[in-house]
Amino acid sequence: MKSADIRQAFLSYFEAHGHTVVPSSSLVPGNDPTLLFTNAGMVPFKEVFLGRDPRPYVRAASAQRCVRAGGKHNDLDNVGYTARHHTFFEMLGNFSFGDYFKREAIHFAWEFLTQTLGLAKEKLWVTVHVSDDEAERIWKHEVGIDPERFSKLDEDNFWQMGDTGPCGPSSEIFYDHGPEVWGGPPGSPEEDGDRYIEIWNLVFMQFDRDAEGTMNPLPKPSIDTGMGLERIAAVMQGVHSNYEIDLFQSLLASAALHTGHADTRNPSLRVIADHIRSCAFLIADGVLPSNEGRGYVLRRIIRRAIRHGHKLGAQGHFFHKLVGALDVEMGDAYPELREARHQIERVLLKEEEQFARTLEHGMGLLEEALVGLEGEVLPGETVFKLYDTYGFPYDLTADVCRERGVTLDEVGFERALAAQRERARAASQFGADYGTELELEGETAFTGYERLEDRAIVT
Ligand code: ATP
Ligand code: MG
Ligand code: MG
Ligand code: MG
C-alpha cells in the first residue's frame, strides 16, 4: 500500500464514521504565537478543544503536516540516528470535541489497524497510563488484547496542553518489527531501540487542571489521536525504516544523484532527504532563513543538510536541486508546495551560496581543532568562533562532534557569547537590545530554554 493510499484510507475510514475531513493547516500556527511550529494534528484544533472556536462538527479527521525541529518537541538530533524520526512528517488524526470518548477511540483505532489495514494482532503492543483502569478494561475485555502485549506506564502516557488546562491519560499502540531489529518492548530498558515502534497515540482529554494542580473532570471529555504516516507506511510496506518507504525513494535517489554518493542507506543521505521536506514546506508556509525565531530554526536545518552533503563530497550547490523530486512525490497532496516550488529553489540556493563561502574554512578549522584535541570536549571558544565567524549553528558543530565522540563545552560557549553581547551593547550608543532571542517556544507560554540548541541568537 502506497503512502498516498494509506492517507486516503485513513481519512475515508473516519469520514465513514461521521468525521469531517479537515485539510492540513500551515506549519506556522495561526492560533498560537507561543508555539514554534505545528507539531501535532491537534494544534489547529486547540481553540476548538477549549470551547472557544465553535465548529459545525464534533468529529474531525486530518492529515496534518508537522515539524519537530525545535521547542518542546525537537527531533532534529534524532534524524539520521533512528529509523522512525523525521523533522517533517504527516500526522493522521481523528478528533472528538466532547462527542465520543475512550471506548470509541480505542475501537476505531483497533478496527482501522486490524481490519482496514489488516495488520496481525500479534504484532501490536499497547500501553495505557498507570491510573487508567477504564482504558485497561476496554483493551482487555472488549478488544481482547493479549495481556502479554499490554502494559501500564507512567510518564509516556500522560498528556497536557500546558501547566494548566486540558490534560489526561493516553494510550500508545506499538508495532513489533521483529527480532532482527534491536530494541525492547515499551517500558523496558531497551525501548529506545527501533524494534517496537510507536505508531499511534490516543489522548483522552479528561481533566482540566487548575492553578493549584487540582484535576477537575471535564464536563465533555474529548479525543485527540495521532499516527505518523511514514511509520504506518513502513509497517504496511514491510520495511523497517521509514526511509525505505515509497515516499523517500525518489528523494533519496535525487540526493544520491546530486551529491554523487550512490549508497542510499548512508545516514547523511537520509538526513538530506529528511531535511529537504521540512525546509521546503517551511518556506512554502512563508518562513525564510534568518537569525531569529522560526527563520533561525530553518537556517539551522538547511545548514545541517548542506554540511552532510559536503561530508559526502558534493561538489557545488546541490540542496535546492532536490525540490523537483519532492514536488513529484508530494505536490499532488500539497498544491501549496507545487505552487511555491521556484520560490523554494531560489531561497535554498541563496542560502547555499551564502553558507558555502564559509563552510569550507569552518570545516577546516573544526578538523584542525578535533585533530589537536586533548580529551573529549571541544572548547567553548572554538565553538563560538565557528558560530560567529563561519555561521555554524551550535547544533551543527555538535553534529560533527557527535560523529567523533566529542562533546561541546556549552558553558564556555555561553560565556563567549555573553562577552560578545556585552561588547555589542557597550558599542551601541542607544544601548539597544542585541540579544533578541527566540520567543516562540514550547506548547505554552515561553518559560525559558530547555536546551541550548533550542535557542536562536542574533549576533
Ligand atoms: P516517539 O516516542 O517515537 O518519539 P512521540 O510519543 O514523541 O513518538 P507523539 O507526540 O505521540 O510521538 O506523536 C504521535 C505520533 O506521531 C507518534 O505515535 C508517531 O507515529 C508520530 N511521530 C511522532 N514524532 C515523529 C517524528 N519525529 N517523525 C515521524 N513520526 C513521528
Ligand atoms: Mg518523540
Ligand atoms: Mg512516545
Ligand atoms: Mg506518543
# chains A, B, ... in the order shown; residues from 1 in each chain; ligands from 1
>>> closest_atom_pairs(of="chain A", to="ligand 4", cutoff="8 Å", atoms="only C-alpha atoms and all ligand atoms", output="JSON lines")
{"residue": "A:Asp156", "atom": "CA", "partner": "ligand 4", "partner_atom_place_in_ligand_line": "1 (Mg)", "distance": 6.8}
{"residue": "A:Asn157", "atom": "CA", "partner": "ligand 4", "partner_atom_place_in_ligand_line": "1 (Mg)", "distance": 7.5}
{"residue": "A:Glu172", "atom": "CA", "partner": "ligand 4", "partner_atom_place_in_ligand_line": "1 (Mg)", "distance": 6.2}
{"residue": "A:Glu198", "atom": "CA", "partner": "ligand 4", "partner_atom_place_in_ligand_line": "1 (Mg)", "distance": 6.9}
{"residue": "A:Trp200", "atom": "CA", "partner": "ligand 4", "partner_atom_place_in_ligand_line": "1 (Mg)", "distance": 7.1}
{"residue": "A:Asn201", "atom": "CA", "partner": "ligand 4", "partner_atom_place_in_ligand_line": "1 (Mg)", "distance": 5.0}
>>> closest_atom_pairs(of="chain A", to="ligand 3", cutoff="12 Å", atoms="only C-alpha atoms and all ligand atoms", output="tab-separated table")
residue	atom	partner	partner_atom_place_in_ligand_line	distance
A:His73	CA	ligand 3	1 (Mg)	11.0
A:Asp75	CA	ligand 3	1 (Mg)	11.8
A:Arg84	CA	ligand 3	1 (Mg)	11.0
A:His85	CA	ligand 3	1 (Mg)	11.0
A:Val126	CA	ligand 3	1 (Mg)	11.8
A:Thr127	CA	ligand 3	1 (Mg)	10.4
A:Val128	CA	ligand 3	1 (Mg)	11.8
A:Leu153	CA	ligand 3	1 (Mg)	11.3
A:Asp154	CA	ligand 3	1 (Mg)	11.6
A:Glu155	CA	ligand 3	1 (Mg)	9.7
A:Asp156	CA	ligand 3	1 (Mg)	6.1
A:Asn157	CA	ligand 3	1 (Mg)	8.2
A:Phe158	CA	ligand 3	1 (Mg)	10.4
A:Trp159	CA	ligand 3	1 (Mg)	10.9
A:Ser170	CA	ligand 3	1 (Mg)	10.4
A:Ser171	CA	ligand 3	1 (Mg)	10.0
A:Glu172	CA	ligand 3	1 (Mg)	7.5
A:Ile173	CA	ligand 3	1 (Mg)	9.6
A:Phe174	CA	ligand 3	1 (Mg)	9.5
A:Pro186	CA	ligand 3	1 (Mg)	9.1
A:Gly187	CA	ligand 3	1 (Mg)	10.6
A:Glu191	CA	ligand 3	1 (Mg)	9.9
A:Asp192	CA	ligand 3	1 (Mg)	9.5
A:Tyr196	CA	ligand 3	1 (Mg)	10.9
A:Ile197	CA	ligand 3	1 (Mg)	8.8
A:Glu198	CA	ligand 3	1 (Mg)	6.3
A:Ile199	CA	ligand 3	1 (Mg)	8.9
A:Trp200	CA	ligand 3	1 (Mg)	9.0
A:Asn201	CA	ligand 3	1 (Mg)	7.8
A:Leu202	CA	ligand 3	1 (Mg)	11.0
A:Val203	CA	ligand 3	1 (Mg)	11.9
A:Gly226	CA	ligand 3	1 (Mg)	11.0
A:Met227	CA	ligand 3	1 (Mg)	11.0
A:Gly228	CA	ligand 3	1 (Mg)	11.3
>>> atom_distance(atom1="CA of Pro169 in chain A", atom2="CA of His129 in chain A")
5.6 Å
>>> select_by_dssp(residues="range 113-179 of chain A", states="helix (DSSP H, G or I)", output="list of chain:residue names")
A:Leu113, A:Thr114, A:Gln115, A:Thr116, A:Lys121, A:Glu122, A:Lys123, A:Asp133, A:Glu134, A:Ala135, A:Glu136, A:Arg137, A:Ile138, A:Trp139, A:Lys140, A:His141, A:Glu142, A:Val143, A:Pro147, A:Glu148, A:Arg149, A:Glu155, A:Asp156, A:Asn157
>>> residues_around(residues="range 313-318 of chain A", least_positions_apart="2", cutoff="10 Å", atoms="only C-alpha atoms", output="PyMOL selection string")
chain A and resi 254-261+305-311+320-322+348-353+356
>>> residues_around(residues="Ile283 in chain A", least_positions_apart="3", cutoff="12 Å", atoms="only C-alpha atoms", output="short mmCIF file (atom, residue, chain, number, x, y, z; two decimals) with N, CA and C atoms, in the first residue's frame")
data_model
loop_
_atom_site.label_atom_id
_atom_site.label_comp_id
_atom_site.auth_asym_id
_atom_site.auth_seq_id
_atom_site.Cartn_x
_atom_site.Cartn_y
_atom_site.Cartn_z
N SER A 26 -1.30 25.26 8.03
CA SER A 26 0.09 25.69 7.81
C SER A 26 0.99 25.18 8.93
N LEU A 27 2.30 25.10 8.64
CA LEU A 27 3.27 24.75 9.68
C LEU A 27 3.48 25.89 10.66
N VAL A 28 3.08 27.08 10.25
CA VAL A 28 3.16 28.22 11.16
C VAL A 28 1.79 28.36 11.82
N ILE A 276 15.14 18.14 3.31
CA ILE A 276 14.55 18.87 2.19
C ILE A 276 13.04 19.00 2.39
N ARG A 277 12.45 18.00 3.04
CA ARG A 277 11.00 18.08 3.26
C ARG A 277 10.67 19.21 4.24
N SER A 278 11.34 19.25 5.39
CA SER A 278 11.00 20.31 6.34
C SER A 278 11.33 21.68 5.78
N CYS A 279 12.50 21.80 5.14
CA CYS A 279 12.89 23.12 4.62
C CYS A 279 11.91 23.61 3.55
N ALA A 280 11.58 22.72 2.60
CA ALA A 280 10.71 23.14 1.51
C ALA A 280 9.31 23.51 2.03
N GLY A 286 5.87 30.17 4.25
CA GLY A 286 6.22 31.57 4.48
C GLY A 286 7.40 31.84 5.41
N VAL A 287 8.08 30.79 5.88
CA VAL A 287 9.25 31.02 6.74
C VAL A 287 10.48 31.24 5.86
N LEU A 288 11.31 32.21 6.21
CA LEU A 288 12.54 32.45 5.46
C LEU A 288 13.73 32.35 6.40
N PRO A 289 14.89 31.89 5.88
CA PRO A 289 16.05 31.77 6.76
C PRO A 289 16.41 33.13 7.35
N SER A 290 16.67 33.15 8.65
CA SER A 290 17.07 34.40 9.28
C SER A 290 17.84 34.07 10.54
N ARG A 294 11.65 31.45 14.09
CA ARG A 294 11.41 30.33 13.17
C ARG A 294 12.44 30.29 12.05
N GLY A 295 12.80 31.48 11.57
CA GLY A 295 13.77 31.57 10.47
C GLY A 295 15.12 31.00 10.85
N VAL A 297 15.58 28.53 13.03
CA VAL A 297 15.44 27.07 13.03
C VAL A 297 15.57 26.55 11.60
N LEU A 298 14.92 27.23 10.66
CA LEU A 298 15.02 26.85 9.25
C LEU A 298 16.48 26.90 8.79
N ARG A 299 17.15 27.98 9.13
CA ARG A 299 18.56 28.12 8.73
C ARG A 299 19.40 26.97 9.28
N ILE A 301 18.45 23.96 9.95
CA ILE A 301 18.16 22.71 9.24
C ILE A 301 18.86 22.73 7.87
N ILE A 302 18.76 23.86 7.17
CA ILE A 302 19.39 23.96 5.85
C ILE A 302 20.91 23.74 5.98
N HIS A 320 19.11 22.67 -3.27
CA HIS A 320 17.92 23.21 -3.94
C HIS A 320 17.47 22.31 -5.10
N VAL A 323 14.29 19.86 -4.77
CA VAL A 323 12.90 20.32 -4.69
C VAL A 323 12.04 19.69 -5.78
N GLU A 336 0.09 23.65 -2.41
CA GLU A 336 0.83 24.85 -1.97
C GLU A 336 2.34 24.66 -2.16
N LEU A 337 2.78 23.41 -2.07
CA LEU A 337 4.20 23.11 -2.29
C LEU A 337 4.54 23.31 -3.77
N ARG A 338 3.69 22.76 -4.61
CA ARG A 338 3.92 22.85 -6.06
C ARG A 338 3.96 24.31 -6.49
N GLU A 339 3.03 25.06 -5.95
CA GLU A 339 2.94 26.47 -6.33
C GLU A 339 4.19 27.25 -5.94
N ALA A 340 4.76 26.87 -4.79
CA ALA A 340 5.91 27.64 -4.28
C ALA A 340 7.25 27.09 -4.76
N ARG A 341 7.21 26.10 -5.62
CA ARG A 341 8.43 25.38 -5.98
C ARG A 341 9.62 26.28 -6.35
N HIS A 342 9.38 27.24 -7.24
CA HIS A 342 10.52 28.04 -7.71
C HIS A 342 11.03 28.99 -6.63
N GLN A 343 10.10 29.49 -5.86
CA GLN A 343 10.48 30.35 -4.73
C GLN A 343 11.35 29.55 -3.74
N ILE A 344 10.96 28.31 -3.47
CA ILE A 344 11.72 27.45 -2.55
C ILE A 344 13.14 27.23 -3.09
N GLU A 345 13.22 26.93 -4.39
CA GLU A 345 14.54 26.71 -5.00
C GLU A 345 15.43 27.95 -4.88
N ARG A 346 14.83 29.10 -5.11
CA ARG A 346 15.62 30.34 -5.04
C ARG A 346 16.14 30.58 -3.62
N VAL A 347 15.25 30.40 -2.65
CA VAL A 347 15.64 30.65 -1.25
C VAL A 347 16.76 29.70 -0.83
N LEU A 348 16.61 28.43 -1.20
CA LEU A 348 17.62 27.45 -0.80
C LEU A 348 18.95 27.72 -1.48
#
>>> decode(residues="range 237-250 of chain A", atoms="N, CA, C and O atoms", output="mmCIF file, in the first residue's frame")
data_model
loop_
_atom_site.group_PDB
_atom_site.id
_atom_site.type_symbol
_atom_site.label_atom_id
_atom_site.label_comp_id
_atom_site.auth_asym_id
_atom_site.auth_seq_id
_atom_site.Cartn_x
_atom_site.Cartn_y
_atom_site.Cartn_z
ATOM 1 N N GLN A 237 4.441 -1.496 4.242
ATOM 2 C CA GLN A 237 5.299 -1.836 3.107
ATOM 3 C C GLN A 237 6.362 -2.872 3.482
ATOM 4 O O GLN A 237 7.251 -3.173 2.679
ATOM 5 N N GLY A 238 6.244 -3.386 4.714
ATOM 6 C CA GLY A 238 7.130 -4.471 5.128
ATOM 7 C C GLY A 238 8.587 -4.065 5.235
ATOM 8 O O GLY A 238 9.484 -4.892 5.073
ATOM 9 N N VAL A 239 8.830 -2.792 5.497
ATOM 10 C CA VAL A 239 10.215 -2.351 5.691
ATOM 11 C C VAL A 239 10.365 -1.855 7.120
ATOM 12 O O VAL A 239 9.384 -1.485 7.771
ATOM 13 N N HIS A 240 11.571 -1.857 7.594
ATOM 14 C CA HIS A 240 11.744 -1.468 8.983
ATOM 15 C C HIS A 240 11.908 0.036 9.147
ATOM 16 O O HIS A 240 11.307 0.659 10.013
ATOM 17 N N SER A 241 12.714 0.629 8.270
ATOM 18 C CA SER A 241 12.995 2.054 8.428
ATOM 19 C C SER A 241 12.013 2.907 7.621
ATOM 20 O O SER A 241 11.649 2.566 6.498
ATOM 21 N N ASN A 242 11.627 4.034 8.213
ATOM 22 C CA ASN A 242 10.789 4.991 7.492
ATOM 23 C C ASN A 242 11.424 5.411 6.170
ATOM 24 O O ASN A 242 10.736 5.757 5.222
ATOM 25 N N TYR A 243 12.771 5.394 6.147
ATOM 26 C CA TYR A 243 13.461 5.881 4.952
ATOM 27 C C TYR A 243 13.392 4.901 3.792
ATOM 28 O O TYR A 243 13.808 5.212 2.686
ATOM 29 N N GLU A 244 12.836 3.725 4.063
ATOM 30 C CA GLU A 244 12.700 2.749 2.967
ATOM 31 C C GLU A 244 11.302 2.766 2.343
ATOM 32 O O GLU A 244 11.008 1.977 1.459
ATOM 33 N N ILE A 245 10.415 3.631 2.803
ATOM 34 C CA ILE A 245 9.069 3.663 2.222
ATOM 35 C C ILE A 245 9.069 4.373 0.868
ATOM 36 O O ILE A 245 10.016 5.080 0.525
ATOM 37 N N ASP A 246 7.981 4.204 0.143
ATOM 38 C CA ASP A 246 7.866 4.765 -1.209
ATOM 39 C C ASP A 246 8.177 6.256 -1.281
ATOM 40 O O ASP A 246 8.901 6.716 -2.157
ATOM 41 N N LEU A 247 7.620 7.012 -0.309
ATOM 42 C CA LEU A 247 7.771 8.467 -0.314
ATOM 43 C C LEU A 247 9.218 8.931 -0.394
ATOM 44 O O LEU A 247 9.508 10.010 -0.900
ATOM 45 N N PHE A 248 10.121 8.129 0.166
ATOM 46 C CA PHE A 248 11.510 8.566 0.242
ATOM 47 C C PHE A 248 12.376 8.099 -0.917
ATOM 48 O O PHE A 248 13.505 8.572 -1.065
ATOM 49 N N GLN A 249 11.850 7.175 -1.735
ATOM 50 C CA GLN A 249 12.742 6.587 -2.732
ATOM 51 C C GLN A 249 13.260 7.585 -3.765
ATOM 52 O O GLN A 249 14.452 7.634 -4.036
ATOM 53 N N SER A 250 12.351 8.390 -4.313
ATOM 54 C CA SER A 250 12.879 9.302 -5.331
ATOM 55 C C SER A 250 13.661 10.448 -4.694
ATOM 56 O O SER A 250 14.591 10.992 -5.302
#
